[in-house]
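Asks: Structure file run02.cif, mmCIF, C-alpha atoms, is pasted below:
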```
data_final
loop_
_atom_site.label_atom_id
_atom_site.label_comp_id
_atom_site.auth_asym_id
_atom_site.auth_seq_id
_atom_site.Cartn_x
_atom_site.Cartn_y
_atom_site.Cartn_z
CA MET A 12 12.32 43.28 -2.75
CA MET A 13 12.53 41.70 -6.14
CA THR A 14 11.58 38.26 -4.90
CA ASN A 15 8.95 39.51 -2.54
CA GLN A 16 5.79 39.23 -4.58
CA GLY A 17 2.77 38.71 -2.40
CA LYS A 18 4.88 39.09 0.71
CA ARG A 19 5.88 35.46 0.57
CA LEU A 20 9.31 34.10 1.30
CA THR A 21 10.60 32.22 -1.71
CA GLN A 22 13.40 29.98 -0.59
CA GLY A 23 14.06 26.36 -1.41
CA GLN A 24 11.93 24.10 -3.51
CA PHE A 25 8.25 24.59 -4.35
CA SER A 26 8.27 28.08 -2.90
CA TYR A 27 6.44 29.58 -5.88
CA LEU A 28 3.70 26.96 -5.55
CA PRO A 29 0.78 27.07 -3.15
CA GLU A 30 1.53 25.60 0.28
CA LEU A 31 2.17 21.87 0.14
CA THR A 32 -0.52 19.80 1.77
CA ASP A 33 0.48 17.11 4.26
CA MET A 34 -0.24 14.54 1.58
CA GLN A 35 2.15 16.25 -0.83
CA ILE A 36 4.79 16.57 1.87
CA THR A 37 4.41 12.85 2.56
CA LYS A 38 4.99 12.11 -1.12
CA GLN A 39 8.11 14.25 -1.17
CA LEU A 40 9.41 12.54 1.96
CA GLU A 41 8.68 9.19 0.42
CA TYR A 42 10.88 10.16 -2.51
CA ALA A 43 13.72 11.24 -0.24
CA LEU A 44 13.50 8.06 1.83
CA LYS A 45 13.54 5.97 -1.33
CA LYS A 46 16.86 7.62 -2.16
CA ASN A 47 18.20 6.83 1.32
CA TRP A 48 18.55 10.47 2.27
CA SER A 49 18.34 11.40 5.91
CA ILE A 50 15.88 14.10 6.81
CA GLY A 51 16.07 16.99 9.22
CA ILE A 52 13.53 19.55 10.34
CA GLU A 53 14.74 23.11 10.89
CA TYR A 54 13.15 26.34 12.02
CA THR A 55 14.07 29.99 12.16
CA ASP A 56 12.60 33.45 12.55
CA ASP A 57 15.33 35.13 10.52
CA PRO A 58 14.44 34.64 6.87
CA HIS A 59 17.47 36.47 5.41
CA PRO A 60 18.54 34.52 2.29
CA ARG A 61 22.09 34.24 3.57
CA ASN A 62 20.93 32.75 6.85
CA THR A 63 21.57 29.16 5.79
CA TYR A 64 21.97 27.54 9.17
CA TRP A 65 18.58 27.24 10.79
CA GLU A 66 17.97 25.67 14.19
CA MET A 67 17.38 21.92 14.11
CA TYR A 68 14.18 20.61 15.57
CA GLY A 69 15.29 17.36 17.21
CA ASN A 70 17.94 15.17 15.70
CA PRO A 71 18.22 14.45 12.00
CA MET A 72 16.36 11.25 11.19
CA PHE A 73 18.27 8.32 9.79
CA ASP A 74 17.18 4.84 8.72
CA LEU A 75 13.47 5.55 8.52
CA LYS A 76 11.32 3.42 6.26
CA ASP A 77 8.12 5.42 6.27
CA PRO A 78 7.34 9.15 6.17
CA ALA A 79 4.70 8.93 8.90
CA GLY A 80 7.30 9.48 11.61
CA ILE A 81 8.66 12.59 9.89
CA VAL A 82 5.21 14.04 9.38
CA MET A 83 4.65 13.48 13.09
CA GLU A 84 7.79 15.52 13.86
CA ILE A 85 6.85 18.24 11.38
CA ASN A 86 3.49 18.62 13.07
CA ALA A 87 5.14 18.70 16.47
CA CYS A 88 7.49 21.44 15.24
CA ARG A 89 4.59 23.43 13.74
CA LYS A 90 2.82 23.18 17.06
CA THR A 91 5.86 24.36 18.99
CA PHE A 92 6.75 27.17 16.56
CA PRO A 93 3.50 28.11 14.83
CA ASN A 94 4.81 31.49 13.76
CA TYR A 95 8.26 30.47 12.57
CA TYR A 96 9.56 29.30 9.24
CA VAL A 97 9.95 25.52 9.28
CA ARG A 98 11.70 23.67 6.53
CA VAL A 99 12.47 20.06 5.73
CA THR A 100 15.96 19.27 4.52
CA ALA A 101 17.07 16.00 2.98
CA PHE A 102 20.72 15.14 3.21
CA ASP A 103 22.55 12.77 0.91
CA ALA A 104 25.39 11.15 2.85
CA THR A 105 26.84 9.34 -0.16
CA ARG A 106 30.61 9.69 -0.22
CA GLY A 107 31.49 12.51 -2.58
CA VAL A 108 28.03 14.09 -2.39
CA GLU A 109 27.58 14.75 1.32
CA SER A 110 25.30 17.69 0.91
CA PRO A 111 21.67 18.70 1.21
CA THR A 112 19.63 17.52 -1.73
CA MET A 113 16.18 18.84 -0.93
CA SER A 114 14.92 21.74 1.11
CA TYR A 115 11.46 23.19 1.26
CA ILE A 116 9.42 25.30 3.60
CA VAL A 117 6.53 23.54 5.35
CA ASN A 118 5.42 26.25 7.74
CA ARG A 119 5.55 30.04 7.61
CA PRO A 120 4.40 32.90 9.81
CA LYS A 121 0.89 34.17 9.23
CA ASN A 122 2.12 37.60 8.29
CA GLU A 123 5.36 38.03 6.37
CA PRO A 124 6.29 41.68 6.13
CA GLY A 125 8.96 41.08 3.49
CA PHE A 126 12.34 42.69 2.96
CA GLY A 127 13.53 46.23 2.86
CA LEU A 128 16.26 47.42 0.54
CA ALA A 129 18.71 50.02 1.85
CA ARG A 130 21.18 51.90 -0.34
CA GLN A 131 24.44 53.28 0.96
CA GLU A 132 26.54 55.70 -0.99
CA GLY A 133 30.20 54.83 -0.72
CA ASP A 134 33.46 56.20 -2.12
CA GLY A 135 33.16 57.62 -5.60
CA ARG A 136 29.37 57.59 -5.41
CA GLN A 137 29.46 53.79 -5.47
CA ILE A 138 26.18 52.31 -4.28
CA ARG A 139 26.10 49.37 -1.84
CA TYR A 140 22.88 47.55 -1.26
CA ARG A 141 21.68 45.84 1.87
CA ILE A 142 18.50 43.88 2.39
CA SER A 143 16.92 42.94 5.66
CA SER A 144 13.60 41.56 6.69
CA TYR A 145 11.32 44.09 8.38
CA ALA A 146 10.62 41.35 10.90
CA THR A 147 14.24 41.17 12.06
CA ASP A 148 14.14 44.73 13.31
CA LYS A 149 12.47 43.24 16.36
CA PRO A 150 14.35 41.04 18.80
CA GLU A 151 14.47 37.29 18.40
CA GLY A 152 11.30 35.50 19.44
CA GLU A 153 9.08 38.57 18.90
CA ARG A 154 9.45 38.87 15.19
CA TYR A 155 6.26 37.34 13.88
CA MET B 5 -34.68 -13.71 -10.11
CA GLN B 6 -32.94 -10.43 -9.94
CA ALA B 7 -32.18 -11.00 -6.27
CA ILE B 8 -30.56 -14.35 -7.06
CA ASP B 9 -28.42 -12.79 -9.77
CA GLN B 10 -27.27 -10.17 -7.39
CA GLN B 11 -26.49 -12.77 -4.77
CA GLU B 12 -24.47 -14.76 -7.26
CA ALA B 13 -22.58 -11.71 -8.26
CA THR B 14 -21.78 -11.01 -4.63
CA THR B 15 -20.50 -14.49 -3.87
CA ALA B 16 -18.43 -14.45 -7.03
CA THR B 17 -16.86 -11.19 -5.92
CA LEU B 18 -16.00 -12.58 -2.51
CA GLY B 19 -14.27 -15.57 -4.07
CA ASP B 20 -12.47 -13.34 -6.55
CA ALA B 21 -11.42 -11.01 -3.79
CA LEU B 22 -10.07 -13.91 -1.78
CA ALA B 23 -8.15 -15.28 -4.75
CA GLY B 24 -6.89 -11.85 -5.71
CA SER B 25 -5.67 -11.01 -2.22
CA GLY B 26 -3.30 -13.98 -1.98
CA ILE B 27 -4.55 -14.65 1.53
CA THR B 28 -5.16 -18.33 0.85
CA GLU B 29 -1.54 -18.95 -0.16
CA LEU B 30 -0.37 -16.87 2.75
CA LEU B 31 -2.29 -18.96 5.26
CA ALA B 32 -1.27 -22.20 3.58
CA GLN B 33 2.35 -21.14 3.75
CA LEU B 34 1.93 -20.35 7.43
CA ASP B 35 0.46 -23.79 8.04
CA ARG B 36 3.33 -25.40 6.16
CA GLU B 37 6.15 -23.54 7.82
CA LEU B 38 4.98 -23.20 11.40
CA VAL B 39 4.30 -26.36 13.37
CA GLY B 40 1.40 -26.37 15.82
CA LEU B 41 0.38 -22.94 17.21
CA LYS B 42 -3.34 -23.48 16.56
CA PRO B 43 -4.63 -20.42 18.45
CA VAL B 44 -2.11 -18.19 16.73
CA LYS B 45 -2.99 -19.39 13.27
CA SER B 46 -6.71 -19.11 13.87
CA ARG B 47 -6.27 -15.53 15.09
CA ILE B 48 -4.24 -14.65 12.02
CA ARG B 49 -6.96 -16.21 9.88
CA ASP B 50 -9.58 -14.06 11.63
CA ILE B 51 -7.54 -10.93 11.13
CA ALA B 52 -6.99 -11.72 7.48
CA ALA B 53 -10.72 -12.29 6.98
CA LEU B 54 -11.58 -9.03 8.72
CA LEU B 55 -9.13 -7.03 6.64
CA LEU B 56 -10.48 -8.54 3.45
CA VAL B 57 -14.09 -7.87 4.39
CA ASP B 58 -13.18 -4.34 5.43
CA LYS B 59 -11.62 -3.79 2.05
CA LEU B 60 -14.75 -4.99 0.28
CA ARG B 61 -16.90 -2.81 2.55
CA SER B 62 -14.88 0.29 1.83
CA GLU B 63 -15.07 -0.44 -1.90
CA ARG B 64 -18.83 -0.24 -1.53
CA GLY B 65 -18.67 2.93 0.42
CA MET B 66 -19.53 1.45 3.79
CA THR B 67 -17.67 2.59 6.83
CA ALA B 68 -14.70 0.47 7.63
CA GLY B 69 -12.85 1.77 10.65
CA ARG B 70 -9.32 0.50 10.71
CA PRO B 71 -9.22 -2.22 13.30
CA SER B 72 -6.64 -1.87 16.01
CA LEU B 73 -4.05 -4.56 15.52
CA HIS B 74 -1.73 -4.05 18.46
CA MET B 75 -0.98 -7.47 19.85
CA CYS B 76 0.44 -9.15 22.86
CA PHE B 77 2.11 -12.51 22.56
CA THR B 78 2.42 -14.48 25.75
CA GLY B 79 3.87 -17.91 26.18
CA ASN B 80 6.66 -19.95 27.63
CA PRO B 81 10.21 -19.66 26.33
CA GLY B 82 10.78 -21.04 22.86
CA THR B 83 7.14 -21.18 21.79
CA GLY B 84 7.74 -19.10 18.69
CA LYS B 85 6.73 -15.60 19.78
CA THR B 86 9.59 -13.86 18.01
CA THR B 87 9.33 -16.07 14.95
CA VAL B 88 5.63 -15.30 14.57
CA ALA B 89 6.25 -11.58 15.10
CA MET B 90 8.71 -11.59 12.22
CA ARG B 91 6.07 -13.30 10.12
CA MET B 92 3.36 -10.95 11.29
CA ALA B 93 5.08 -7.96 9.72
CA GLU B 94 5.16 -9.71 6.38
CA ILE B 95 1.59 -10.97 6.71
CA LEU B 96 0.17 -7.57 7.59
CA HIS B 97 2.09 -6.05 4.71
CA ARG B 98 0.66 -8.58 2.28
CA LEU B 99 -2.80 -7.97 3.65
CA GLY B 100 -2.26 -4.29 2.96
CA TYR B 101 -2.57 -3.21 6.58
CA VAL B 102 0.93 -1.80 7.03
CA ARG B 103 2.64 0.13 4.26
CA LYS B 104 6.22 -1.10 4.43
CA GLY B 105 6.17 -4.40 6.30
CA HIS B 106 9.47 -4.17 8.12
CA LEU B 107 9.94 -5.29 11.69
CA VAL B 108 11.84 -3.33 14.30
CA ALA B 109 12.67 -5.57 17.25
CA VAL B 110 13.59 -3.75 20.46
CA THR B 111 13.95 -4.43 24.14
CA ARG B 112 13.91 -2.13 27.16
CA ASP B 113 17.41 -0.82 26.45
CA ASP B 114 16.38 0.61 23.09
CA LEU B 115 13.45 2.55 24.53
CA VAL B 116 14.46 3.68 27.98
CA GLY B 117 17.17 6.26 28.48
CA GLN B 118 19.73 6.59 31.22
CA TYR B 119 19.10 10.09 32.46
CA ILE B 120 16.29 12.62 32.62
CA GLY B 121 15.24 13.75 29.17
CA HIS B 122 16.93 10.88 27.42
CA THR B 123 13.97 8.52 27.25
CA ALA B 124 11.50 10.51 25.18
CA PRO B 125 13.76 11.15 22.17
CA LYS B 126 15.00 7.58 22.30
CA THR B 127 11.52 6.10 22.32
CA ARG B 128 10.31 8.48 19.64
CA GLU B 129 13.23 7.60 17.42
CA VAL B 130 12.46 3.91 17.69
CA LEU B 131 8.79 4.59 17.00
CA LYS B 132 9.67 6.66 13.94
CA LYS B 133 11.86 3.86 12.63
CA ALA B 134 9.07 1.35 13.10
CA MET B 135 6.39 3.45 11.39
CA GLY B 136 4.93 1.81 8.35
CA GLY B 137 5.79 -1.53 9.87
CA VAL B 138 5.73 -3.47 13.10
CA LEU B 139 7.39 -2.61 16.38
CA PHE B 140 8.19 -5.74 18.35
CA ILE B 141 8.97 -5.21 22.02
CA ASP B 142 10.48 -8.34 23.45
CA GLU B 143 10.24 -8.92 27.20
CA ALA B 144 7.93 -5.92 27.38
CA TYR B 145 7.31 -6.32 31.11
CA TYR B 146 10.83 -5.00 31.79
CA LEU B 147 9.58 -1.57 30.69
CA TYR B 148 7.80 -1.21 33.98
CA ARG B 149 9.85 -1.56 37.15
CA PRO B 150 7.56 -1.04 40.12
CA GLU B 151 10.41 -1.39 42.61
CA ASN B 152 12.03 1.82 41.36
CA GLU B 153 9.67 4.75 41.33
CA ARG B 154 12.15 6.96 39.50
CA ASP B 155 12.54 4.46 36.69
CA TYR B 156 12.25 6.02 33.24
CA GLY B 157 10.33 3.02 31.88
CA GLN B 158 7.03 4.65 32.74
CA GLU B 159 7.87 7.58 30.47
CA ALA B 160 8.56 5.22 27.58
CA ILE B 161 5.24 3.48 28.22
CA GLU B 162 3.38 6.78 28.13
CA ILE B 163 4.91 7.76 24.79
CA LEU B 164 4.19 4.32 23.41
CA LEU B 165 0.56 4.56 24.51
CA GLN B 166 0.17 7.95 22.93
CA VAL B 167 1.50 6.81 19.56
CA MET B 168 -0.38 3.50 19.72
CA GLU B 169 -3.56 5.45 20.13
CA ASN B 170 -3.04 8.40 17.80
CA GLN B 171 -1.17 6.74 14.99
CA ARG B 172 -2.88 3.42 14.68
CA ASP B 173 -2.67 3.76 10.91
CA ASP B 174 1.09 4.01 10.93
CA ILE B 175 2.30 1.43 13.36
CA VAL B 176 1.48 -1.96 14.82
CA VAL B 177 2.98 -2.69 18.21
CA ILE B 178 3.52 -6.26 19.32
CA LEU B 179 4.44 -6.88 22.94
CA ALA B 180 5.89 -10.22 23.91
CA GLY B 181 6.78 -11.87 27.16
CA TYR B 182 6.16 -14.65 29.59
CA LYS B 183 2.57 -14.99 30.62
CA ASP B 184 2.64 -14.32 34.36
CA ARG B 185 4.97 -11.34 34.05
CA MET B 186 2.94 -9.83 31.23
CA ALA B 187 -0.19 -10.25 33.32
CA ARG B 188 1.47 -8.29 36.10
CA PHE B 189 2.66 -5.68 33.59
CA PHE B 190 -0.87 -5.14 32.29
CA GLU B 191 -2.25 -5.03 35.80
CA SER B 192 -0.07 -2.06 36.62
CA ASN B 193 -0.65 -0.45 33.19
CA PRO B 194 -4.36 -0.82 32.48
CA GLY B 195 -4.12 1.73 29.67
CA MET B 196 -1.75 -0.54 27.83
CA SER B 197 -3.94 -3.58 28.30
CA SER B 198 -6.99 -1.90 26.81
CA ARG B 199 -5.09 -0.58 23.81
CA VAL B 200 -3.83 -4.01 22.90
CA ALA B 201 -6.70 -5.62 21.04
CA HIS B 202 -5.29 -9.06 20.55
CA HIS B 203 -3.92 -11.07 23.43
CA ILE B 204 -2.61 -14.24 21.86
CA GLU B 205 -1.32 -17.06 23.96
CA PHE B 206 1.30 -19.39 22.58
CA PRO B 207 0.76 -22.93 23.83
CA ASP B 208 3.60 -25.29 24.67
CA TYR B 209 4.46 -27.74 21.92
CA SER B 210 3.59 -31.40 22.24
CA CYS B 211 6.28 -34.03 21.91
CA GLY B 212 5.19 -34.85 18.37
CA GLU B 213 5.24 -31.20 17.31
CA LEU B 214 8.74 -30.76 18.70
CA GLY B 215 9.82 -33.78 16.65
CA GLU B 216 8.39 -32.13 13.53
CA ILE B 217 10.17 -28.90 14.41
CA ALA B 218 13.44 -30.79 14.81
CA VAL B 219 13.07 -32.37 11.38
CA ALA B 220 12.28 -28.98 9.84
CA MET B 221 15.29 -27.38 11.52
CA LEU B 222 17.57 -30.19 10.35
CA THR B 223 16.29 -29.95 6.81
CA GLN B 224 16.99 -26.25 6.85
CA MET B 225 20.56 -26.92 8.01
CA GLN B 226 20.86 -29.73 5.46
CA TYR B 227 21.14 -32.51 8.00
CA ARG B 228 18.90 -35.51 8.62
CA PHE B 229 18.32 -38.19 11.24
CA ASP B 230 18.94 -41.80 10.31
CA ALA B 231 16.15 -44.28 11.02
CA GLU B 232 17.31 -45.10 14.52
CA ALA B 233 18.08 -41.52 15.49
CA LYS B 234 14.45 -40.52 14.94
CA GLY B 235 13.28 -42.88 17.68
CA VAL B 236 16.11 -41.86 19.98
CA PHE B 237 15.29 -38.20 19.53
CA ALA B 238 11.68 -38.85 20.54
CA ASP B 239 12.99 -40.51 23.70
CA TYR B 240 15.32 -37.61 24.26
CA LEU B 241 12.45 -35.13 23.98
CA ALA B 242 10.31 -37.08 26.41
CA LYS B 243 13.14 -37.06 28.96
CA ARG B 244 14.14 -33.47 28.29
CA MET B 245 10.61 -32.14 28.65
CA ALA B 246 10.50 -33.47 32.17
CA LEU B 247 13.66 -31.58 33.14
CA PRO B 248 13.58 -28.00 34.41
CA HIS B 249 14.41 -25.06 32.11
CA PHE B 250 12.81 -26.74 29.16
CA ALA B 251 12.43 -24.07 26.48
CA ASN B 252 10.38 -25.79 23.78
CA ALA B 253 11.71 -25.18 20.28
CA ARG B 254 14.77 -23.38 21.64
CA SER B 255 15.78 -26.51 23.57
CA VAL B 256 15.28 -28.52 20.40
CA ARG B 257 17.58 -26.15 18.54
CA ASN B 258 20.20 -26.40 21.27
CA ALA B 259 19.96 -30.17 21.33
CA LEU B 260 20.44 -30.30 17.59
CA ASP B 261 23.39 -27.92 17.76
CA ARG B 262 25.05 -30.16 20.31
CA ALA B 263 24.27 -33.24 18.23
CA ARG B 264 26.00 -31.51 15.32
CA LEU B 265 29.07 -30.96 17.49
CA ARG B 266 29.17 -34.62 18.43
CA HIS B 267 28.53 -35.61 14.83
CA ALA B 268 31.51 -33.51 13.74
CA SER B 269 33.86 -34.97 16.35
CA ARG B 270 32.65 -38.47 15.55
CA LEU B 271 33.62 -37.89 11.94
CA LEU B 272 37.03 -36.51 12.91
CA ALA B 273 37.66 -39.50 15.17
CA HIS B 274 38.01 -41.60 12.02
CA PRO B 275 40.29 -39.51 9.83
CA ASP B 276 40.87 -42.35 7.37
CA ALA B 277 37.19 -42.95 6.66
CA ARG B 278 35.86 -41.81 3.31
CA VAL B 279 33.84 -38.61 3.36
CA THR B 280 30.54 -38.84 1.54
CA ASP B 281 27.48 -36.61 1.41
CA GLU B 282 25.78 -39.31 3.39
CA THR B 283 28.17 -39.19 6.33
CA LEU B 284 28.32 -35.41 6.33
CA THR B 285 24.56 -34.98 6.58
CA THR B 286 23.41 -37.90 8.72
CA ILE B 287 23.07 -37.55 12.47
CA SER B 288 23.07 -41.01 13.96
CA ALA B 289 21.57 -42.35 17.17
CA ALA B 290 24.99 -42.36 18.83
CA ASP B 291 25.26 -38.57 18.43
CA LEU B 292 22.07 -38.17 20.40
CA ARG B 293 22.66 -40.92 22.96
CA ALA B 294 25.82 -39.20 24.14
CA SER B 295 23.64 -36.45 25.62
CA ARG B 296 23.71 -35.99 29.35
CA VAL B 297 19.94 -36.21 29.43
CA PHE B 298 20.33 -39.94 28.83
CA SER B 299 23.29 -40.51 31.14
CA ASP B 300 21.94 -38.81 34.22
CA ALA B 301 18.31 -38.02 33.66
CA ALA B 302 17.85 -38.28 37.40
CA ASP B 303 20.23 -35.40 38.04
CA THR B 304 17.73 -32.64 37.50
CA ASP B 305 19.95 -29.75 38.54
CA LYS B 306 21.98 -29.79 35.39
CA GLY B 307 19.28 -28.16 33.29
CA GLU B 308 20.30 -27.99 29.65
CA ALA B 309 22.38 -31.00 28.81
#
```
Now, as a test, write the supplied structure out as structure tokens.

Replies:
Amino acid sequence: MMTNQGKRLTQGQFSYLPELTDMQITKQLEYALKKNWSIGIEYTDDPHPRNTYWEMYGNPMFDLKDPAGIVMEINACRKTFPNYYVRVTAFDATRGVESPTMSYIVNRPKNEPGFGLARQEGDGRQIRYRISSYATDKPEGERY
Amino acid sequence: MQAIDQQEATTATLGDALAGSGITELLAQLDRELVGLKPVKSRIRDIAALLLVDKLRSERGMTAGRPSLHMCFTGNPGTGKTTVAMRMAEILHRLGYVRKGHLVAVTRDDLVGQYIGHTAPKTREVLKKAMGGVLFIDEAYYLYRPENERDYGQEAIEILLQVMENQRDDIVVILAGYKDRMARFFESNPGMSSRVAHHIEFPDYSCGELGEIAVAMLTQMQYRFDAEAKGVFADYLAKRMALPHFANARSVRNALDRARLRHASRLLAHPDARVTDETLTTISAADLRASRVFSDAADTDKGEA
């Protein structure tokens, strides 16, 4: 697929950069906490770009002062789902904003097969395109 | 010669480091604002010294393992355990040991859940909130209820222990409670006892110290004793200390609150009198003498009076 260079999922922030180290993640969390955003950890094994609702790992975290607790949860999630995508989402609850403000991947499967593009010829030789991850051909839980 | 120079340089650095760290002011402030509590202050001084020396050591590339600073405060009611815990968060922050310096005060209810699977997330959430600061568990012995073997308190204790051990850099846990009950708590949880490095005992206040505390409390509330009231309050303390349920500084606070009530009704009893700053701030001997401690000191069942 067009965004599939190096077989690496590019979704959210920093996804064209090398993997964030724990130190860098801590810094990013620090920034989010400074802005009073609440932070959630989510995981999935379906990387389709339109799959926006990932599973939450634990409850979203409110009223934290220090990123150490979030890093602890991230590591717990990585341990539970070592071969899943895990992302950190910051949510701004300010009235009128009420939407995610940050989202970046902190864990990915060892082997990402990437996406396949399928063409379908419709009425009047119109072409419809469909993309799907090669991984999602397999049933849930066995994909990576 | 060279050795002496080097030595001088070293001592100069130590002095500079002390001045630069602000520890001296911090300890002086503690001495000023907290009456008595000798063992507590000396332990804080030791900790401050250790953290400073550790900092100097690490600057020179020596190993400086982070000391474990989990603490246990034991003492009778009203000896200042909670007050000191609040201070401790600020002190450790200024010494650079904790990153944020906030205090999260919890009791059993905040840690232990009501059904299976409820406790772990609850405890973890509290721990996450306290990270970067101090977690203060008041009446910690309630966590463990030996009479109920299906109590979820044990689960909370296990999670606490795990985080206290693995994330020493992120959190300082302070347990507080009455001495005998905490002793029993540690007896049944030896793991907890060994992970708490500092067991600090809060002594009861002497009569003189309680008097000082009373004056400090009044000043904070913008009241004062008149000359006679000072003597009467000393008498009151002597009598009150002999009664059961004496709770040190907390009893002093209660006594003062009641004196304020009487002071207010005394003022209202003379509606035609002129109101001055003087009358509004001065607690007189009569306000204290009206206490039940004076009228029936023999009747010991009444407790707080």

Asks: For this file, the PyMOL selection byres ((chain B) within 9 of (chain A)) selects which residues, as a list in words?

Replies: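 That expression, the PyMOL selection byres ((chain B) within 9 of (chain A)), corresponds here to Arg103, Lys104, His106, Pro125, Arg128, Glu129, Leu131, Lys132, Lys133, Ala134, Met135, Gly136, Gly137, Gln171 and Asp174 of chain B.
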
Asks: Taking all atoms listed in the file into account, which of A:Leu128, A:Ile116, A:Met67, A:Ala101 comes nearest Lys45 of chain A?

Replies: A:Ala101

Asks: Kindly indicate which residue among A:Ser49, A:Gln137, A:Thr63, A:Asn86 lies nearest to Phe102 of chain A, using all atoms listed in the file for the distances.

Replies: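 Checking each candidate against Phe102 of chain A, we get A:Ser49 as the closest.
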
Asks: When the PyMOL selection byres ((chain B and resi 90) around 9) is applied to the file above, which residues end up in the set, as a PDB file with C-alpha atoms, in the frame of the given file?

Replies:
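The resulting file, selection-v9.pdb, is reproduced below:
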```pdb
ATOM      1  CA  LYS B  85       6.730 -15.600  19.780  1.00  0.00           C
ATOM      2  CA  THR B  86       9.590 -13.860  18.010  1.00  0.00           C
ATOM      3  CA  THR B  87       9.330 -16.070  14.950  1.00  0.00           C
ATOM      4  CA  VAL B  88       5.630 -15.300  14.570  1.00  0.00           C
ATOM      5  CA  ALA B  89       6.250 -11.580  15.100  1.00  0.00           C
ATOM      6  CA  ARG B  91       6.070 -13.300  10.120  1.00  0.00           C
ATOM      7  CA  MET B  92       3.360 -10.950  11.290  1.00  0.00           C
ATOM      8  CA  ALA B  93       5.080  -7.960   9.720  1.00  0.00           C
ATOM      9  CA  GLU B  94       5.160  -9.710   6.380  1.00  0.00           C
ATOM     10  CA  HIS B 106       9.470  -4.170   8.120  1.00  0.00           C
ATOM     11  CA  LEU B 107       9.940  -5.290  11.690  1.00  0.00           C
ATOM     12  CA  ALA B 109      12.670  -5.570  17.250  1.00  0.00           C
ATOM     13  CA  VAL B 138       5.730  -3.470  13.100  1.00  0.00           C
ATOM     14  CA  PHE B 140       8.190  -5.740  18.350  1.00  0.00           C
TER      15      PHE B 140
END
```

Asks: Tell me which protein, DNA and RNA residues are within 12 Å of Glu123 of chain A, counting only C-alpha atoms, leaving out same-chain ones fewer than 5 positions away, and put them as JSON, numbers by chain.

Replies: {"A": [15, 16, 17, 18, 19, 20, 21, 56, 57, 58, 94, 95, 96, 118, 144, 145, 146, 147, 154, 155]}

Asks: Would you write out, as a compact mmCIF listing (two decimals) with C-alpha atoms, keeping the file's coordinate frame, every residue that the PyMOL selection byres ((chain A and resi 31) around 12) captures in this file?

Replies:
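This is the output file expr.txt:
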```
# COMPACT_ATOMS: atom_id res chain seq x y z
CA GLN A 24 11.93 24.10 -3.51
CA PHE A 25 8.25 24.59 -4.35
CA SER A 26 8.27 28.08 -2.90
CA TYR A 27 6.44 29.58 -5.88
CA LEU A 28 3.70 26.96 -5.55
CA PRO A 29 0.78 27.07 -3.15
CA GLU A 30 1.53 25.60 0.28
CA THR A 32 -0.52 19.80 1.77
CA ASP A 33 0.48 17.11 4.26
CA MET A 34 -0.24 14.54 1.58
CA GLN A 35 2.15 16.25 -0.83
CA ILE A 36 4.79 16.57 1.87
CA THR A 37 4.41 12.85 2.56
CA LYS A 38 4.99 12.11 -1.12
CA GLN A 39 8.11 14.25 -1.17
CA LEU A 40 9.41 12.54 1.96
CA ARG A 98 11.70 23.67 6.53
CA VAL A 99 12.47 20.06 5.73
CA TYR A 115 11.46 23.19 1.26
CA ILE A 116 9.42 25.30 3.60
CA VAL A 117 6.53 23.54 5.35
CA ASN A 118 5.42 26.25 7.74
CA ARG A 119 5.55 30.04 7.61
```

Asks: Please report, as lines of an AutoDock Vina configuration file, the centre and edge lengths in Å to one decimal of an axis-aligned box covering all listed atoms of segment 17-28 of chain A with 5 Å per side.

Replies:
```
center_x = 8.4
center_y = 31.6
center_z = -2.3
size_x = 21.3
size_y = 25.0
size_z = 17.2
```

Asks: Would you kindly return, as a list in words, each protein, DNA or RNA residue with an atom no farther than 9 Å from any atom of Ala251 of chain B, considering all atoms listed in the file and excluding same-chain residues fewer than 5 positions away?

Replies: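 Neighbouring residues, sequence-local ones excluded: Asn80, Pro81, Gly82, Thr83, Met245 and Val256 of chain B.
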
Asks: Could you work out how far atom CA of Leu265 of chain B lies from atom CA of Phe237 of chain B, giving the answer in Å with one decimal?

Replies: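 Atom CA of Phe237 of chain B sits 15.7 Å away from atom CA of Leu265 of chain B.
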